[in-house]
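Data file: start-v2.cif. Format and content: mmCIF, C-alpha atoms.
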```cif
data_input
loop_
_atom_site.label_atom_id
_atom_site.label_comp_id
_atom_site.auth_asym_id
_atom_site.auth_seq_id
_atom_site.Cartn_x
_atom_site.Cartn_y
_atom_site.Cartn_z
CA MET A 1 62.59 7.70 -18.06
CA LYS A 2 60.26 8.16 -15.10
CA THR A 3 59.05 11.50 -16.49
CA VAL A 4 58.40 9.93 -19.90
CA ARG A 5 56.47 7.09 -18.25
CA ILE A 6 54.27 9.54 -16.29
CA ILE A 7 53.54 11.55 -19.44
CA LEU A 8 52.52 8.42 -21.35
CA LYS A 9 50.38 7.26 -18.44
CA TYR A 10 48.69 10.67 -18.27
CA ILE A 11 47.90 10.55 -21.99
CA THR A 12 46.32 7.13 -21.47
CA TYR A 13 44.35 8.48 -18.50
CA ARG A 14 43.01 11.38 -20.59
CA LEU A 15 41.89 9.01 -23.32
CA LYS A 16 40.12 6.68 -20.89
CA SER A 17 38.69 9.26 -18.51
CA LYS A 18 35.03 10.22 -18.55
CA THR A 19 33.19 13.46 -17.93
CA LYS A 20 29.96 13.80 -15.96
CA HIS A 21 27.96 13.30 -19.16
CA ALA A 22 29.12 9.67 -19.39
CA VAL A 23 28.55 8.84 -15.70
CA HIS A 24 25.32 7.09 -14.75
CA SER A 25 25.92 6.88 -11.00
CA PRO A 26 23.97 9.66 -9.19
CA PHE A 27 26.50 9.54 -6.34
CA VAL A 28 29.49 10.09 -8.64
CA PHE A 29 27.61 12.62 -10.80
CA ASP A 30 26.87 14.70 -7.70
CA PHE A 31 30.51 14.42 -6.61
CA ILE A 32 31.68 15.71 -9.99
CA THR A 33 29.25 18.63 -10.14
CA GLN A 34 29.44 19.68 -6.48
CA VAL A 35 33.11 19.01 -5.71
CA LEU A 36 35.27 18.61 -8.83
CA GLU A 37 33.52 21.44 -10.70
CA ASP A 38 33.06 23.75 -7.72
CA GLN A 39 34.69 27.04 -8.77
CA THR A 40 33.96 28.91 -5.52
CA HIS A 41 36.98 30.80 -4.21
CA TYR A 42 36.75 29.91 -0.54
CA ARG A 43 38.40 32.32 1.88
CA GLU A 44 40.33 29.40 3.41
CA TYR A 45 42.27 29.07 0.16
CA LYS A 46 43.78 32.51 0.75
CA THR A 47 44.70 31.61 4.34
CA VAL A 48 46.61 28.49 3.28
CA GLU A 49 48.17 29.89 0.13
CA LYS A 50 49.44 33.05 1.79
CA HIS A 51 51.34 30.85 4.24
CA VAL A 52 52.53 28.53 1.47
CA ARG A 53 54.12 31.52 -0.26
CA ARG A 54 56.09 32.21 2.92
CA LEU A 55 57.31 28.62 3.01
CA ARG A 56 58.35 28.76 -0.65
CA HIS A 57 60.44 31.85 0.02
CA ASN A 58 62.08 30.43 3.17
CA ARG A 59 65.76 29.82 2.34
CA ASN A 60 66.66 28.30 5.72
CA SER A 61 68.08 24.77 5.62
CA ILE A 62 66.99 21.93 7.90
CA GLU A 63 68.15 18.35 8.32
CA THR A 64 65.47 15.96 7.06
CA VAL A 65 64.89 12.24 7.47
CA ASP A 66 63.19 10.31 4.66
CA PHE A 67 61.75 6.86 5.40
CA GLY A 68 60.29 6.49 1.90
CA ALA A 69 61.21 3.37 -0.04
CA ARG A 70 63.48 3.63 -3.06
CA LYS A 71 65.24 0.83 -4.86
CA GLY A 72 68.73 0.00 -3.63
CA ARG A 73 68.91 2.26 -0.58
CA MET A 74 68.81 2.08 3.21
CA SER A 75 65.58 2.11 5.19
CA TYR A 76 66.01 5.86 5.65
CA THR A 77 68.20 8.71 4.46
CA THR A 78 69.12 12.09 5.93
CA SER A 79 69.96 15.29 4.08
CA PHE A 80 70.02 19.06 4.49
CA ARG A 81 67.36 20.78 2.44
CA ARG A 82 66.02 24.28 2.15
CA VAL A 83 62.50 24.84 3.40
CA GLN A 84 61.54 26.42 0.07
CA GLU A 85 62.65 23.26 -1.77
CA ILE A 86 60.63 20.99 0.53
CA ALA A 87 57.55 23.19 0.15
CA LYS A 88 57.88 23.18 -3.65
CA THR A 89 58.70 19.50 -4.20
CA ASN A 90 56.91 17.78 -1.29
CA GLY A 91 53.98 20.11 -0.85
CA ILE A 92 50.77 19.23 -2.64
CA PRO A 93 49.99 21.40 -5.73
CA ARG A 94 47.37 24.10 -5.21
CA LYS A 95 44.85 22.42 -7.53
CA TYR A 96 44.83 19.24 -5.45
CA GLY A 97 45.11 20.99 -2.10
CA ARG A 98 41.95 22.91 -2.95
CA LEU A 99 40.33 19.67 -4.05
CA LEU A 100 41.10 18.03 -0.69
CA PHE A 101 39.53 21.07 1.00
CA ARG A 102 36.36 20.71 -1.06
CA ILE A 103 36.19 16.95 -0.54
CA VAL A 104 36.21 17.15 3.25
CA ARG A 105 33.94 20.18 3.19
CA TYR A 106 31.44 18.18 1.12
CA PHE A 107 31.53 14.89 3.05
CA LYS A 108 32.01 16.46 6.52
CA PRO A 109 34.02 13.64 8.16
CA ALA A 110 34.10 13.66 11.96
CA SER A 111 37.35 11.69 12.23
CA MET A 112 40.30 12.09 9.87
CA LEU A 113 43.77 10.59 9.44
CA GLU A 114 46.67 11.64 7.21
CA LEU A 115 49.91 9.78 6.58
CA GLY A 116 52.62 12.18 5.37
CA THR A 117 52.38 15.68 6.83
CA SER A 118 55.65 17.10 5.44
CA VAL A 119 55.52 20.87 6.10
CA GLY A 120 51.73 20.72 6.46
CA ILE A 121 50.37 22.09 3.19
CA SER A 122 47.84 19.32 2.47
CA THR A 123 47.05 19.17 6.19
CA MET A 124 46.07 22.83 6.32
CA TYR A 125 43.70 22.51 3.35
CA GLN A 126 41.99 19.50 4.94
CA ALA A 127 41.91 20.90 8.47
CA LEU A 128 40.27 24.15 7.36
CA GLY A 129 37.84 22.21 5.17
CA ALA A 130 36.56 20.25 8.17
CA PRO A 131 37.31 22.42 11.23
CA GLU A 132 35.04 20.39 13.51
CA ALA A 133 36.74 17.09 12.72
CA ALA A 134 39.23 15.31 14.96
CA PHE A 135 42.21 15.26 12.60
CA THR A 136 45.39 13.28 13.23
CA THR A 137 48.36 13.59 10.87
CA ILE A 138 51.56 11.52 11.04
CA GLU A 139 55.02 12.71 9.98
CA GLY A 140 58.26 10.77 10.16
CA CYS A 141 60.69 13.70 10.12
CA ALA A 142 60.90 15.81 13.29
CA SER A 143 62.28 18.92 11.60
CA THR A 144 59.57 19.09 8.93
CA GLY A 145 56.98 18.21 11.58
CA GLU A 146 58.13 21.21 13.62
CA LEU A 147 57.64 23.44 10.59
CA ALA A 148 54.21 21.92 10.02
CA GLN A 149 53.13 22.66 13.60
CA LYS A 150 54.17 26.29 13.16
CA SER A 151 52.09 26.37 9.98
CA PHE A 152 49.04 25.00 11.82
CA ASP A 153 49.44 27.61 14.56
CA ALA A 154 49.84 30.41 12.01
CA THR A 155 46.74 29.46 10.01
CA GLY A 156 44.42 28.60 12.90
CA CYS A 157 44.26 24.84 12.33
CA LYS A 158 43.30 24.05 15.90
CA ASN A 159 41.83 20.60 15.21
CA VAL A 160 45.12 18.97 14.13
CA ASN A 161 46.94 16.42 16.27
CA LEU A 162 50.47 15.92 14.91
CA VAL A 163 52.03 12.51 15.63
CA MET A 164 55.76 12.14 15.02
CA GLY A 165 57.36 8.85 14.01
CA ASN A 166 57.90 6.22 11.34
CA PHE A 167 54.53 5.09 9.99
CA ASP A 168 55.52 1.44 10.41
CA ILE A 169 55.97 2.02 14.14
CA VAL A 170 53.32 4.57 15.13
CA LEU A 171 50.41 3.83 12.78
CA SER A 172 48.94 0.89 14.69
CA LYS A 173 49.07 2.76 18.01
CA THR A 174 47.55 5.86 16.41
CA LEU A 175 44.70 3.85 14.87
CA ALA A 176 43.97 2.29 18.26
CA GLY A 177 42.94 5.76 19.41
CA PHE A 178 40.05 5.78 16.91
CA GLN A 179 36.83 3.82 17.27
CA LYS A 180 36.08 4.40 13.59
CA LEU A 181 37.48 6.53 10.80
CA ASP A 182 35.41 8.58 8.37
CA TYR A 183 38.33 9.70 6.21
CA ALA A 184 41.98 8.91 5.56
CA PHE A 185 44.61 10.33 3.20
CA ILE A 186 47.73 8.26 2.41
CA ASP A 187 50.61 10.34 1.05
CA GLY A 188 53.89 8.72 1.97
CA ASN A 189 56.31 5.92 1.11
CA HIS A 190 55.04 5.41 -2.44
CA ALA A 191 55.73 1.71 -2.95
CA TYR A 192 53.53 -1.38 -3.16
CA LYS A 193 54.38 -3.12 0.10
CA PRO A 194 54.13 -0.14 2.49
CA THR A 195 51.03 1.23 0.74
CA MET A 196 49.23 -2.10 1.08
CA ASN A 197 50.42 -2.39 4.66
CA TYR A 198 48.90 1.00 5.49
CA PHE A 199 45.69 0.12 3.66
CA ARG A 200 45.31 -3.19 5.52
CA GLN A 201 45.78 -1.45 8.86
CA ILE A 202 43.42 1.42 8.09
CA GLU A 203 40.63 -0.52 6.33
CA PRO A 204 39.17 -2.21 9.47
CA TYR A 205 38.70 1.22 11.04
CA MET A 206 36.89 2.76 8.07
CA GLN A 207 33.20 3.53 8.56
CA ASP A 208 30.73 1.95 6.13
CA ASN A 209 30.37 5.40 4.53
CA GLY A 210 34.08 6.20 4.80
CA LEU A 211 36.46 7.64 2.22
CA LEU A 212 40.12 6.78 1.73
CA ILE A 213 42.31 8.80 -0.65
CA ILE A 214 45.63 7.52 -1.95
CA HIS A 215 48.01 10.03 -3.50
CA ASP A 216 50.18 9.33 -6.57
CA ILE A 217 48.47 6.11 -7.64
CA HIS A 218 50.29 6.21 -11.00
CA TRP A 219 53.66 7.27 -9.57
CA SER A 220 55.19 3.84 -10.36
CA LYS A 221 54.24 0.34 -11.44
CA ASP A 222 54.33 -0.57 -7.75
CA MET A 223 51.75 2.10 -6.90
CA GLU A 224 49.52 1.05 -9.80
CA LYS A 225 49.69 -2.54 -8.53
CA ALA A 226 48.68 -1.36 -5.07
CA TRP A 227 45.82 0.73 -6.52
CA GLU A 228 44.48 -2.22 -8.51
CA GLU A 229 44.56 -4.43 -5.41
CA VAL A 230 42.77 -1.82 -3.31
CA CYS A 231 40.06 -1.54 -5.98
CA ARG A 232 39.45 -5.30 -5.77
CA HIS A 233 39.01 -5.33 -1.99
CA PRO A 234 35.58 -6.75 -1.05
CA ARG A 235 34.63 -3.79 1.18
CA VAL A 236 35.42 -1.25 -1.51
CA THR A 237 32.39 -0.31 -3.59
CA VAL A 238 33.17 2.79 -5.67
CA THR A 239 36.62 4.01 -6.73
CA ILE A 240 37.49 7.16 -8.65
CA ASP A 241 40.80 7.50 -10.48
CA LEU A 242 41.76 11.19 -10.87
CA PHE A 243 45.27 10.20 -12.02
CA PHE A 244 47.22 11.95 -9.26
CA MET A 245 44.75 10.74 -6.64
CA GLY A 246 42.61 7.69 -6.14
CA LEU A 247 39.39 7.90 -4.12
CA VAL A 248 38.14 4.76 -2.38
CA PHE A 249 34.57 4.66 -1.03
CA PHE A 250 33.27 2.16 1.52
CA ARG A 251 29.53 2.53 0.90
CA LYS A 252 27.31 -0.55 1.13
CA GLU A 253 24.42 1.17 -0.63
CA LEU A 254 26.46 1.63 -3.82
CA SER A 255 27.03 -1.05 -6.44
CA LYS A 256 30.60 -2.02 -7.29
CA GLN A 257 32.01 0.38 -9.91
CA ASP A 258 35.44 1.77 -10.81
CA PHE A 259 35.53 5.17 -12.51
CA ILE A 260 38.25 7.08 -14.32
CA ILE A 261 37.12 10.70 -14.16
CA ARG A 262 38.72 13.60 -16.01
CA TYR A 263 40.01 16.33 -13.70
#
```

For this file, write the structure as structure tokens.
Amino acid sequence: MKTVRIILKYITYRLKSKTKHAVHSPFVFDFITQVLEDQTHYREYKTVEKHVRRLRHNRNSIETVDFGARKGRMSYTTSFRRVQEIAKTNGIPRKYGRLLFRIVRYFKPASMLELGTSVGISTMYQALGAPEAAFTTIEGCASTGELAQKSFDATGCKNVNLVMGNFDIVLSKTLAGFQKLDYAFIDGNHAYKPTMNYFRQIEPYMQDNGLLIIHDIHWSKDMEKAWEEVCRHPRVTVTIDLFFMGLVFFRKELSKQDFIIRY
């Protein structure tokens, strides 16, 4: 039923989404033409994707801990999973990993935060897209975090600071280490309450020209509720719904607008 729901939601998204020709915001038009439509094959893609292929052929099993919320279960679960399975099911798809790379390359954030490292696929794309940034990523599972650190070392992601621990425990302390944040990517615990909790903690640290990205905004009714609430926040000016990702801009110079853009 969940798959059917996602398909129906995606059809609705395609019907509602706009192309650059129907966008009258210069800021969003430039974002579409210079980021979404950028077909350049950056050399960093090859660096990340060569390593991702290794992960997806790694048949070793590790014990994982999942703090993500699901209906009718404990606060966390443990299981043995093969690395290749984690890389395939938890790793961000190439299309969206490359998009994250182009986004940070375009906006050039100096300070970055990620919630949900997993084995480090999305982290590598972002780290190589903004190599001068101070980039902190948080992962709740020690075994996947260890794999991620090896990935960072192998691909030359020297600007990544990996923090281990449950988001609910370590996020506030991690944020206290930032004066301000230019960029944040939330990709973990896809439910309304934790997502809003992370947003409320991160929002005060966001620069006035900052960008927050939330992954899987249509993953469930809970996530759609969270997305709608984030869009209504008084500090949020422009939002862009790309279906699998939602972009949230804190830019005072822009008028309040919510876009659904085809990607």

Practice task
Run the PyMOL selection byres ((chain A and resi 233-246) around 8) on the file and write out the hits as a PyMOL selection string.
Solution key: chain A and resi 10+13+213-219+227+229-232+247-252+254-263

For the structure provided, state which residues fall under the PyMOL selection byres ((chain A and resi 143) around 7), and present them as an mmCIF file with C-alpha atoms, in the frame of the given file.
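What follows is the written file expr.cif:
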```cif
data_model
loop_
_atom_site.group_PDB
_atom_site.id
_atom_site.type_symbol
_atom_site.label_atom_id
_atom_site.label_comp_id
_atom_site.auth_asym_id
_atom_site.auth_seq_id
_atom_site.Cartn_x
_atom_site.Cartn_y
_atom_site.Cartn_z
ATOM 1 C CA ILE A 62 66.990 21.930 7.900
ATOM 2 C CA GLU A 63 68.150 18.350 8.320
ATOM 3 C CA THR A 64 65.470 15.960 7.060
ATOM 4 C CA CYS A 141 60.690 13.700 10.120
ATOM 5 C CA ALA A 142 60.900 15.810 13.290
ATOM 6 C CA THR A 144 59.570 19.090 8.930
ATOM 7 C CA GLY A 145 56.980 18.210 11.580
ATOM 8 C CA GLU A 146 58.130 21.210 13.620
ATOM 9 C CA LEU A 147 57.640 23.440 10.590
#
```

Problem - Selected residue of minimal separation from A:Arg53 among A:Ile11, A:Ala184, A:Ala87, A:Val65, counting all atoms listed in the file - result: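 Closest candidate: A:Ala87.
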
Practice task
Considering all atoms listed in the file, return as a PyMOL selection string whatever protein or nucleic-acid residues lie within 12 Å of A:Phe152, sequence-local ones (same chain, fewer than 3 positions apart) excluded.
Solution key: chain A and resi 47-48+51-52+117+119-128+135+137+145-149+155-162

Exercise for the section: For the point (62.7, 28.3, 2.6) in the file's frame, write as a list in words all residues with an atom no more than 8 Å away, counting all atoms listed in the file. Expected result: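 In the file's frame, the residues around the point are Arg54, Leu55, Arg56, His57, Asn58, Arg59, Asn60, Ser61, Arg82, Val83, Gln84, Glu85, Ile86 and Ala87 of chain A.
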
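Pairwise distance (atom CA of A:Phe101, atom CA of A:Pro131) equals 10.6 Å.
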
Problem - Atom pair atom CA of A:Lys221 / atom CA of A:Arg94: separation (Å) - result: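 We find that atom CA of A:Lys221 and atom CA of A:Arg94 lie 25.5 Å from each other.
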